[in-house]
$ cat data.cif   # mmCIF, C-alpha atoms
data_upload
loop_
_atom_site.label_atom_id
_atom_site.label_comp_id
_atom_site.auth_asym_id
_atom_site.auth_seq_id
_atom_site.Cartn_x
_atom_site.Cartn_y
_atom_site.Cartn_z
CA MET Y 1 2.32 12.71 7.25
CA MET Y 2 -0.03 14.39 4.81
CA VAL Y 3 1.39 15.15 1.37
CA ALA Y 4 0.05 18.46 0.17
CA ALA Y 5 -1.09 18.29 -3.43
CA GLY Y 6 -0.03 21.32 -5.40
CA PHE Y 7 2.22 22.49 -2.57
CA ALA Y 8 3.88 25.74 -3.59
CA VAL Y 9 7.60 25.28 -3.09
CA SER Y 10 10.82 27.17 -3.16
CA GLU Y 11 14.02 25.29 -3.80
CA TRP Y 12 17.52 25.74 -2.48
CA SER Y 13 20.78 24.37 -3.79
CA SER Y 14 23.92 23.92 -1.73
CA MET Y 15 25.01 27.32 -3.03
CA ASP Y 16 21.78 29.05 -1.99
CA LEU Y 17 20.81 28.30 1.60
CA PRO Y 18 17.30 29.20 2.87
CA ASP Y 19 16.48 32.28 4.89
CA ALA Y 20 18.36 32.07 8.17
CA SER Y 21 15.24 33.24 10.03
CA ASP Y 22 14.04 29.62 9.76
CA SER Y 23 16.86 28.32 11.91
CA ARG Y 24 15.79 24.67 11.82
CA LEU Y 25 15.51 24.65 8.05
CA ALA Y 26 18.94 26.25 7.77
CA GLU Y 27 20.32 23.62 10.18
CA LEU Y 28 18.62 20.78 8.27
CA THR Y 29 19.99 22.09 4.98
CA ARG Y 30 23.52 22.19 6.35
CA TRP Y 31 23.11 18.62 7.66
CA VAL Y 32 21.99 17.39 4.23
CA PHE Y 33 24.55 19.28 2.16
CA ASP Y 34 27.58 19.24 4.46
CA ASP Y 35 27.27 16.27 6.82
CA LEU Y 36 25.60 13.85 4.41
CA GLY Y 37 27.55 15.00 1.37
CA PHE Y 38 24.63 16.07 -0.82
CA ALA Y 39 26.44 19.20 -2.07
CA GLY Y 40 25.07 20.19 -5.44
CA GLY Y 41 21.66 18.73 -4.68
CA ARG Y 42 18.39 20.56 -4.21
CA ILE Y 43 15.96 20.61 -1.31
CA ALA Y 44 12.29 21.64 -1.37
CA PRO Y 45 9.20 21.28 0.86
CA ALA Y 46 7.55 17.90 0.36
CA SER Y 47 4.54 17.79 2.66
CA ALA Y 48 2.39 19.39 5.30
CA ASP Y 49 1.52 17.70 8.58
CA ALA Y 50 -0.92 18.12 11.45
CA SER Y 51 1.95 17.82 13.93
CA PHE Y 52 5.21 19.72 14.44
CA ARG Y 53 7.01 17.49 11.92
CA ARG Y 54 8.00 18.80 8.49
CA TYR Y 55 9.21 16.92 5.43
CA PHE Y 56 11.52 17.99 2.61
CA ARG Y 57 12.45 16.29 -0.66
CA VAL Y 58 16.12 16.19 -1.55
CA THR Y 59 17.04 15.74 -5.21
CA ARG Y 60 20.51 14.73 -6.33
CA GLY Y 61 20.77 13.80 -9.99
CA GLU Y 62 18.08 11.23 -10.71
CA ASP Y 63 17.69 10.24 -7.06
CA THR Y 64 15.28 11.68 -4.49
CA TYR Y 65 15.10 11.31 -0.72
CA ILE Y 66 12.90 12.61 2.08
CA VAL Y 67 14.22 14.46 5.13
CA MET Y 68 12.09 14.55 8.27
CA ASP Y 69 12.43 17.55 10.56
CA ALA Y 70 11.15 16.65 14.05
CA PRO Y 71 12.07 19.28 16.66
CA PRO Y 72 13.45 17.28 19.62
CA ASP Y 73 11.59 19.40 22.18
CA LYS Y 74 8.26 18.61 20.48
CA GLU Y 75 8.64 15.27 18.67
CA ASP Y 76 10.36 12.00 19.55
CA LEU Y 77 12.03 10.15 16.68
CA GLY Y 78 12.13 6.92 18.65
CA PRO Y 79 8.59 5.63 17.90
CA PHE Y 80 8.92 6.36 14.18
CA SER Y 81 12.32 4.66 13.96
CA SER Y 82 11.34 1.54 15.89
CA MET Y 83 8.02 1.19 14.06
CA ALA Y 84 9.70 1.61 10.65
CA ARG Y 85 12.07 -1.26 11.46
CA LEU Y 86 9.21 -3.44 12.73
CA LEU Y 87 7.00 -2.88 9.69
CA LEU Y 88 9.86 -3.46 7.24
CA ARG Y 89 10.59 -6.71 9.01
CA ILE Y 90 7.07 -8.06 8.39
CA GLY Y 91 7.14 -7.04 4.73
CA VAL Y 92 5.05 -3.90 4.33
CA ASN Y 93 6.19 -0.89 2.32
CA VAL Y 94 7.37 1.94 4.58
CA PRO Y 95 10.24 4.42 4.24
CA VAL Y 96 13.72 3.07 4.96
CA ILE Y 97 15.81 5.13 7.38
CA LEU Y 98 19.08 5.91 5.57
CA ALA Y 99 20.67 8.33 8.04
CA ALA Y 100 19.73 9.88 11.37
CA ASN Y 101 20.73 12.66 13.70
CA SER Y 102 18.55 12.02 16.74
CA LYS Y 103 20.06 14.86 18.77
CA ARG Y 104 18.99 17.41 16.16
CA GLY Y 105 15.77 15.62 15.17
CA PHE Y 106 16.56 14.79 11.54
CA LEU Y 107 16.03 11.60 9.52
CA LEU Y 108 16.98 10.88 5.91
CA LEU Y 109 14.41 8.49 4.41
CA SER Y 110 13.82 6.66 1.16
CA ASP Y 111 11.26 8.42 -1.03
CA LEU Y 112 8.04 6.50 -1.73
CA GLY Y 113 6.82 9.07 -4.24
CA VAL Y 114 3.99 11.59 -4.54
CA ARG Y 115 1.03 9.52 -5.77
CA GLN Y 116 -1.31 9.93 -2.85
CA TYR Y 117 -4.24 7.51 -2.54
CA LEU Y 118 -6.66 10.41 -2.13
CA ASP Y 119 -5.74 11.75 -5.57
CA GLU Y 120 -6.15 8.42 -7.39
CA LEU Y 121 -9.13 6.70 -5.72
CA ALA Y 122 -11.61 8.56 -7.93
CA ASP Y 123 -10.14 7.19 -11.17
CA ASP Y 124 -12.43 4.72 -12.96
CA GLY Y 125 -12.05 1.28 -11.44
CA ALA Y 126 -9.22 2.34 -9.13
CA ALA Y 127 -10.96 2.12 -5.76
CA ASP Y 128 -11.46 -1.66 -5.63
CA ARG Y 129 -7.87 -2.29 -6.68
CA LEU Y 130 -6.33 0.29 -4.35
CA TYR Y 131 -8.43 -0.75 -1.38
CA ALA Y 132 -7.64 -4.40 -2.01
CA ASP Y 133 -3.93 -3.55 -1.74
CA ALA Y 134 -4.47 -1.41 1.36
CA LEU Y 135 -6.54 -4.10 3.05
CA GLY Y 136 -3.92 -6.67 2.15
CA ALA Y 137 -1.20 -4.61 3.83
CA LEU Y 138 -3.44 -4.06 6.86
CA SER Y 139 -4.06 -7.79 7.18
CA ILE Y 140 -0.30 -8.39 7.18
CA MET Y 141 0.12 -5.90 10.02
CA GLN Y 142 -2.79 -7.35 12.00
CA THR Y 143 -2.12 -11.06 11.52
CA ALA Y 144 1.67 -11.04 11.93
CA ASP Y 145 3.08 -12.58 15.09
CA GLY Y 146 1.52 -10.67 17.97
CA ALA Y 147 4.82 -10.75 19.79
CA MET Y 148 6.14 -8.17 17.33
CA ALA Y 149 3.95 -5.50 18.88
CA ARG Y 150 3.88 -6.53 22.53
CA ASP Y 151 5.72 -3.37 23.52
CA LEU Y 152 3.28 -1.01 21.79
CA PRO Y 153 1.19 1.27 24.00
CA ARG Y 154 -2.31 -0.07 24.66
CA TYR Y 155 -5.37 1.74 23.33
CA SER Y 156 -6.62 2.15 26.87
CA HIS Y 157 -9.95 3.28 28.26
CA ALA Y 158 -8.30 6.52 29.37
CA LEU Y 159 -6.97 7.23 25.86
CA LEU Y 160 -10.29 6.47 24.18
CA MET Y 161 -12.11 8.81 26.55
CA ARG Y 162 -9.47 11.52 26.32
CA GLU Y 163 -9.80 11.51 22.53
CA MET Y 164 -13.58 11.92 22.61
CA ASP Y 165 -13.38 14.65 25.24
CA LEU Y 166 -11.75 16.87 22.61
CA MET Y 167 -15.14 17.19 20.90
CA PRO Y 168 -17.04 19.07 23.65
CA GLU Y 169 -14.15 21.46 24.22
CA TRP Y 170 -13.08 22.29 20.68
CA PHE Y 171 -16.01 21.41 18.39
CA LEU Y 172 -18.98 22.27 20.59
CA GLY Y 173 -17.35 25.06 22.58
CA ALA Y 174 -14.80 26.76 20.33
CA HIS Y 175 -16.38 26.06 16.93
CA LEU Y 176 -20.15 26.00 17.51
CA ARG Y 177 -20.04 28.25 20.60
CA LEU Y 178 -22.66 26.03 22.23
CA GLN Y 179 -23.54 26.34 25.89
CA VAL Y 180 -23.89 22.69 26.93
CA SER Y 181 -26.01 22.00 30.01
CA ALA Y 182 -24.90 19.73 32.82
CA ALA Y 183 -27.51 17.18 31.72
CA GLU Y 184 -26.25 17.26 28.14
CA ARG Y 185 -22.65 16.89 29.26
CA GLY Y 186 -23.67 13.91 31.37
CA MET Y 187 -25.42 12.36 28.38
CA LEU Y 188 -22.31 12.82 26.24
CA SER Y 189 -20.12 11.27 28.91
CA GLY Y 190 -22.43 8.27 29.07
CA GLN Y 191 -22.37 7.85 25.29
CA PHE Y 192 -18.59 8.16 25.27
CA GLU Y 193 -18.33 5.50 27.96
CA MET Y 194 -20.49 3.11 25.95
CA LEU Y 195 -18.31 3.64 22.86
CA ALA Y 196 -15.12 3.08 24.85
CA GLN Y 197 -16.48 -0.17 26.26
CA SER Y 198 -17.51 -1.33 22.77
CA ALA Y 199 -13.98 -0.65 21.51
CA LEU Y 200 -12.38 -2.46 24.46
CA ALA Y 201 -14.62 -5.50 23.88
CA GLN Y 202 -13.09 -6.11 20.44
CA PRO Y 203 -10.16 -8.45 19.82
CA VAL Y 204 -6.90 -6.51 19.80
CA ALA Y 205 -4.37 -6.13 17.00
CA PHE Y 206 -1.82 -3.72 15.59
CA VAL Y 207 -3.43 -0.28 15.08
CA HIS Y 208 -1.71 2.29 12.84
CA ARG Y 209 -4.19 5.00 14.05
CA ASP Y 210 -4.12 7.10 10.85
CA TYR Y 211 -4.54 4.51 8.13
CA HIS Y 212 -6.29 6.61 5.47
CA SER Y 213 -5.98 8.01 1.97
CA ARG Y 214 -3.58 10.84 2.85
CA ASN Y 215 -1.12 8.47 4.51
CA LEU Y 216 -1.06 5.89 1.72
CA LEU Y 217 0.94 6.30 -1.49
CA VAL Y 218 0.40 4.44 -4.74
CA THR Y 219 3.64 2.62 -5.55
CA GLU Y 220 4.61 0.48 -8.54
CA THR Y 221 5.71 -2.39 -6.31
CA ASP Y 222 4.47 -3.46 -2.89
CA ASN Y 223 1.54 -1.05 -3.01
CA PRO Y 224 0.73 0.88 -0.88
CA GLY Y 225 3.52 2.94 0.61
CA ILE Y 226 2.55 3.55 4.24
CA LEU Y 227 3.34 6.78 6.12
CA ASP Y 228 2.72 8.36 9.53
CA PHE Y 229 2.82 5.18 11.59
CA GLN Y 230 4.70 6.51 14.63
CA ASP Y 231 1.58 6.66 16.85
CA ALA Y 232 0.77 2.95 16.46
CA VAL Y 233 -0.85 1.14 19.39
CA TRP Y 234 -2.21 -2.26 20.31
CA GLY Y 235 -5.99 -1.92 20.18
CA PRO Y 236 -9.40 -2.63 18.61
CA VAL Y 237 -9.16 -4.67 15.44
CA THR Y 238 -11.60 -2.50 13.45
CA TYR Y 239 -9.95 0.86 14.16
CA ASP Y 240 -7.71 1.01 11.08
CA LEU Y 241 -10.40 -0.55 8.92
CA VAL Y 242 -12.83 2.26 9.74
CA SER Y 243 -10.08 4.87 9.28
CA LEU Y 244 -9.60 3.59 5.75
CA LEU Y 245 -13.19 2.93 4.69
CA LYS Y 246 -14.92 5.82 6.49
CA ASP Y 247 -12.11 8.17 5.55
CA CYS Y 248 -12.37 11.78 6.77
CA TYR Y 249 -11.21 12.98 3.33
CA ILE Y 250 -13.35 10.90 0.96
CA ALA Y 251 -16.70 9.10 1.34
CA TRP Y 252 -18.27 6.09 -0.37
CA PRO Y 253 -21.84 4.72 -0.48
CA ALA Y 254 -22.68 2.75 2.65
CA PRO Y 255 -23.33 -0.59 0.83
CA ARG Y 256 -19.89 -0.39 -0.77
CA VAL Y 257 -18.23 0.34 2.56
CA ARG Y 258 -20.05 -2.60 4.17
CA ALA Y 259 -18.94 -4.93 1.36
CA TRP Y 260 -15.29 -3.90 1.72
CA ALA Y 261 -15.50 -4.28 5.52
CA LEU Y 262 -16.89 -7.80 5.23
CA GLN Y 263 -14.22 -8.68 2.68
CA TYR Y 264 -11.67 -7.67 5.27
CA ARG Y 265 -13.40 -9.82 7.88
CA GLU Y 266 -12.86 -12.78 5.55
CA ARG Y 267 -9.18 -11.84 5.17
CA LEU Y 268 -8.77 -11.89 8.94
CA LEU Y 269 -10.45 -15.27 9.26
CA THR Y 270 -8.37 -16.70 6.40
CA GLY Y 271 -5.25 -15.36 8.09
CA GLY Y 272 -6.12 -17.20 11.29
CA PHE Y 273 -7.04 -14.14 13.33
CA PRO Y 274 -9.19 -15.15 16.35
CA LEU Y 275 -12.08 -12.85 15.47
CA GLY Y 276 -15.00 -14.60 17.13
CA ALA Y 277 -17.69 -12.38 15.57
CA THR Y 278 -20.55 -12.90 13.14
CA GLU Y 279 -20.92 -10.54 10.20
CA ALA Y 280 -23.51 -8.51 12.09
CA GLU Y 281 -21.33 -8.27 15.21
CA PHE Y 282 -18.32 -7.26 13.13
CA ILE Y 283 -20.25 -4.47 11.39
CA ARG Y 284 -21.54 -3.24 14.76
CA TRP Y 285 -17.94 -3.10 16.07
CA PHE Y 286 -16.93 -1.29 12.87
CA ASP Y 287 -19.72 1.30 13.04
CA LEU Y 288 -19.31 2.08 16.73
CA MET Y 289 -15.53 2.27 16.37
CA GLY Y 290 -16.09 4.73 13.56
CA LEU Y 291 -18.37 6.77 15.78
CA GLN Y 292 -15.66 6.97 18.45
CA ARG Y 293 -13.07 7.99 15.87
CA HIS Y 294 -15.21 10.65 14.23
CA ILE Y 295 -16.21 12.19 17.54
CA LYS Y 296 -12.48 12.51 18.22
CA VAL Y 297 -11.82 13.97 14.77
CA LEU Y 298 -14.50 16.64 15.17
CA GLY Y 299 -12.51 17.85 18.17
CA ILE Y 300 -9.10 17.49 16.53
CA PHE Y 301 -10.01 19.31 13.32
CA ALA Y 302 -11.53 22.19 15.30
CA ARG Y 303 -8.46 22.32 17.55
CA LEU Y 304 -6.15 22.41 14.53
CA PHE Y 305 -7.90 25.62 13.47
CA TYR Y 306 -8.49 27.41 16.76
CA ARG Y 307 -5.26 26.45 18.52
CA ASP Y 308 -2.82 25.73 15.70
CA GLY Y 309 -4.00 28.08 12.95
CA LYS Y 310 -4.57 25.36 10.33
CA PRO Y 311 -7.88 26.18 8.58
CA GLN Y 312 -7.72 23.52 5.86
CA TYR Y 313 -9.22 20.87 8.14
CA LEU Y 314 -12.44 22.85 8.61
CA ARG Y 315 -13.49 21.97 5.06
CA ASP Y 316 -13.60 18.28 5.99
CA LEU Y 317 -15.82 18.79 9.04
CA PRO Y 318 -19.13 18.36 7.12
CA ARG Y 319 -18.09 14.89 5.99
CA VAL Y 320 -16.98 13.91 9.49
CA LEU Y 321 -20.23 15.19 11.00
CA ARG Y 322 -22.25 13.14 8.48
CA TYR Y 323 -20.35 10.00 9.47
CA THR Y 324 -21.02 10.78 13.12
CA ARG Y 325 -24.74 11.41 12.61
CA ASP Y 326 -25.29 8.35 10.39
CA ALA Y 327 -23.56 5.98 12.82
CA ALA Y 328 -25.36 7.42 15.85
CA GLU Y 329 -28.75 7.04 14.11
CA ALA Y 330 -28.08 3.38 13.28
CA TYR Y 331 -28.06 1.98 16.84
CA ALA Y 332 -30.45 2.22 19.76
CA GLU Y 333 -27.55 2.63 22.18
CA THR Y 334 -26.55 5.91 20.55
CA ALA Y 335 -30.02 7.37 19.97
CA GLN Y 336 -29.40 10.10 22.56
CA LEU Y 337 -26.32 11.26 20.68
CA ALA Y 338 -28.21 11.21 17.38
CA ASP Y 339 -30.94 13.37 18.92
CA PHE Y 340 -28.33 15.81 20.30
CA ILE Y 341 -26.74 16.14 16.85
CA ALA Y 342 -30.12 16.83 15.23
CA ARG Y 343 -31.34 19.31 17.85
CA ARG Y 344 -28.21 21.11 18.99
CA ILE Y 345 -25.36 20.62 16.52
CA GLU Y 346 -26.84 20.74 13.03
CA PRO Y 347 -28.82 23.99 13.52
CA GLU Y 348 -25.56 25.78 14.45
CA PHE Y 349 -23.13 24.03 12.15
CA LEU Y 350 -23.46 25.90 8.86
CA ASP Y 351 -23.21 29.29 10.55
CA ALA Y 352 -20.13 28.15 12.48
CA GLN Y 353 -18.50 26.93 9.27
CA ALA Y 354 -19.23 30.15 7.41
CA ARG Y 355 -17.98 32.28 10.30
CA SER Y 356 -14.76 30.34 10.74
CA LEU Y 357 -13.92 30.00 7.06
CA SER Y 358 -14.49 33.70 6.50
CA ASP Y 359 -12.00 34.43 9.28
CA SER Y 360 -9.30 32.12 7.88
#
$ encode --input "data.cif" --output "structure tokens"
Amino acid sequence: MMVAAGFAVSEWSSMDLPDASDSRLAELTRWVFDDLGFAGGRIAPASADASFRRYFRVTRGEDTYIVMDAPPDKEDLGPFSSMARLLLRIGVNVPVILAANSKRGFLLLSDLGVRQYLDELADDGAADRLYADALGALSIMQTADGAMARDLPRYSHALLMREMDLMPEWFLGAHLRLQVSAAERGMLSGQFEMLAQSALAQPVAFVHRDYHSRNLLVTETDNPGILDFQDAVWGPVTYDLVSLLKDCYIAWPAPRVRAWALQYRERLLTGGFPLGATEAEFIRWFDLMGLQRHIKVLGIFARLFYRDGKPQYLRDLPRVLRYTRDAAEAYAETAQLADFIARRIEPEFLDAQARSLSDS
């Protein structure tokens, strides 16, 4: 879930239902006001999301709640519901499910607020404190009894490769309009294979998969509030760490990122996690995991624009490309990818951005 700062909203009371042309919103509103007994309350958009899910904030008196709208033909409430129960059980701060209508795809949730990490990290002195809390919550999720997550899907070789394969199709093809030769495609496939093997060589742990500043909320107690956890898997231990510290929406100087990453390594060791890696090995895992993730994100952000009509993600592509280039340049094993970025991607990138943003 991605809370949209400054989201322009309309509000409806129980006496003023929304436009019936949005049939799901009308159905959700009736569920809230009639079935749940919130007559007299107000409902307004609460967030935007990269998926088919939508979120609305319900206000009744001094109390607020969140309603999730997940169309049953496109979204399954089961993973969110089971993961919410699991994470609450181990003591991290996630929304509590207060009511559900699985057949219609609606959930009533506790409201964790609107103070998004992304909006508050830049405040003087805030980053160290906020990241310390986020890393603390991550260590709880990754050092809790492994049996809690034994039924999670595995971050398999096939999934890792499928994610990276989004980049040639959507970023290189649709966005840059590059004609990639057979030799270049073979090189990319070889680099992707190396990154998948590096990821699979890491110790495994709980992986949220989108543990970053738009899915974390600053809360007065039990900071942070954690959102968007329904796609969790059992996979490489550094995946969530790199999502947080090499965030697609905010960047920090490399020495600071390295220091935070090594602090987290110490947390894992203190928590008894069987890491089995020196500092240098851990940072290599971290960097190459970040490279895999950012290759995937280049494809996803381009797909969100060209397939789904969501242009806002294009503005974050320069940051993601910098992460990708810097990580590829840092290791001999990824020198071919670094060369491809310098020769083929960067000369086309600014024109592709200008063309696409002017069309949106």
$ closest_residue --input "data.cif" --among "Y:Leu195, Y:Arg214, Y:Tyr323, Y:Leu269" --to "Val242 in chain Y" --atoms "only C-alpha atoms"
Y:Tyr323
$ closest_residue --input "data.cif" --among "Y:Gly136, Y:Gly91, Y:Gly235, Y:Gly299" --to "Ser156 in chain Y" --atoms "only C-alpha atoms"
Y:Gly235
$ closest_residue --input "data.cif" --among "Y:Leu268, Y:Leu357, Y:Ala330, Y:Val218" --to "Asp133 in chain Y" --atoms "only C-alpha atoms"
Y:Val218
$ resolve_selection --input "data.cif" --expression "the PyMOL selection byres ((chain Y and resi 224) around 12)" --output "compact mmCIF listing (two decimals) with C-alpha atoms, in the frame of the given file"
# COMPACT_ATOMS: atom_id res chain seq x y z
CA GLY Y 91 7.14 -7.04 4.73
CA VAL Y 92 5.05 -3.90 4.33
CA ASN Y 93 6.19 -0.89 2.32
CA VAL Y 94 7.37 1.94 4.58
CA PRO Y 95 10.24 4.42 4.24
CA LEU Y 112 8.04 6.50 -1.73
CA GLY Y 113 6.82 9.07 -4.24
CA VAL Y 114 3.99 11.59 -4.54
CA ARG Y 115 1.03 9.52 -5.77
CA GLN Y 116 -1.31 9.93 -2.85
CA TYR Y 117 -4.24 7.51 -2.54
CA ARG Y 129 -7.87 -2.29 -6.68
CA LEU Y 130 -6.33 0.29 -4.35
CA TYR Y 131 -8.43 -0.75 -1.38
CA ALA Y 132 -7.64 -4.40 -2.01
CA ASP Y 133 -3.93 -3.55 -1.74
CA ALA Y 134 -4.47 -1.41 1.36
CA LEU Y 135 -6.54 -4.10 3.05
CA GLY Y 136 -3.92 -6.67 2.15
CA ALA Y 137 -1.20 -4.61 3.83
CA LEU Y 138 -3.44 -4.06 6.86
CA TYR Y 211 -4.54 4.51 8.13
CA HIS Y 212 -6.29 6.61 5.47
CA SER Y 213 -5.98 8.01 1.97
CA ARG Y 214 -3.58 10.84 2.85
CA ASN Y 215 -1.12 8.47 4.51
CA LEU Y 216 -1.06 5.89 1.72
CA LEU Y 217 0.94 6.30 -1.49
CA VAL Y 218 0.40 4.44 -4.74
CA THR Y 219 3.64 2.62 -5.55
CA GLU Y 220 4.61 0.48 -8.54
CA THR Y 221 5.71 -2.39 -6.31
CA ASP Y 222 4.47 -3.46 -2.89
CA ASN Y 223 1.54 -1.05 -3.01
CA GLY Y 225 3.52 2.94 0.61
CA ILE Y 226 2.55 3.55 4.24
CA LEU Y 227 3.34 6.78 6.12
$ atom_distance --input "data.cif" --atom1 "CA of Arg307 in chain Y" --atom2 "CA of Asp22 in chain Y"
21.4 Å
$ resolve_selection --input "data.cif" --expression "the PyMOL selection byres ((chain Y and resi 76) around 12)" --output "PyMOL selection string"
chain Y and resi 51-53+68-75+77-82+101-107+230-231
$ atom_distance --input "data.cif" --atom1 "CA of Met167 in chain Y" --atom2 "CA of Ser47 in chain Y"
26.8 Å
$ residues_around --input "data.cif" --residues "Glu348 in chain Y" --least-positions-apart "3" --cutoff "12 Å" --atoms "only C-alpha atoms" --output "VMD selection string"
chain Y and resid 171 to 173 175 to 179 340 to 345 351 to 355
$ residues_around --input "data.cif" --residues "Ser356 in chain Y" --least-positions-apart "4" --cutoff "12 Å" --atoms "all atoms listed in the file" --output "number ranges by chain"
Y: 171, 174-177, 302, 305-306, 309-315, 317, 349-352, 360
$ residues_around --input "data.cif" --residues "Phe56 in chain Y" --least-positions-apart "5" --cutoff "6 Å" --atoms "only C-alpha atoms" --output "list of chain:residue names"
Y:Ala44, Y:Pro45, Y:Ala46, Y:Ile66, Y:Val67
$ atom_distance --input "data.cif" --atom1 "CA of His157 in chain Y" --atom2 "CA of Arg293 in chain Y"
13.6 Å
$ closest_residue --input "data.cif" --among "Y:Ile295, Y:Leu337, Y:Arg319, Y:Arg258" --to "Ala280 in chain Y" --atoms "all atoms listed in the file"
Y:Arg258
$ residues_around --input "data.cif" --residues "Ala158 in chain Y" --least-positions-apart "5" --cutoff "12 Å" --atoms "all atoms listed in the file" --output "tab-separated table (two decimals) with C-alpha atoms, in the frame of the given file"
chain	number	residue	atom	x	y	z
Y	163	GLU	CA	-9.80	11.51	22.53
Y	164	MET	CA	-13.58	11.92	22.61
Y	165	ASP	CA	-13.38	14.65	25.24
Y	192	PHE	CA	-18.59	8.16	25.27
Y	193	GLU	CA	-18.33	5.50	27.96
Y	196	ALA	CA	-15.12	3.08	24.85
Y	197	GLN	CA	-16.48	-0.17	26.26
Y	200	LEU	CA	-12.38	-2.46	24.46
$ closest_residue --input "data.cif" --among "Y:Ala100, Y:Ile90, Y:Val233, Y:Leu36" --to "Arg150 in chain Y" --atoms "all atoms listed in the file"
Y:Val233
$ resolve_selection --input "data.cif" --expression "the PyMOL selection byres ((chain Y and resi 187) around 12)" --output "JSON, numbers by chain"
{"Y": [168, 180, 181, 182, 183, 184, 185, 186, 188, 189, 190, 191, 192, 193, 194, 333, 334, 335, 336, 337, 338, 339, 340]}
$ closest_residue --input "data.cif" --among "Y:Thr278, Y:Ser23, Y:Arg267, Y:Val297" --to "Arg209 in chain Y" --atoms "all atoms listed in the file"
Y:Val297
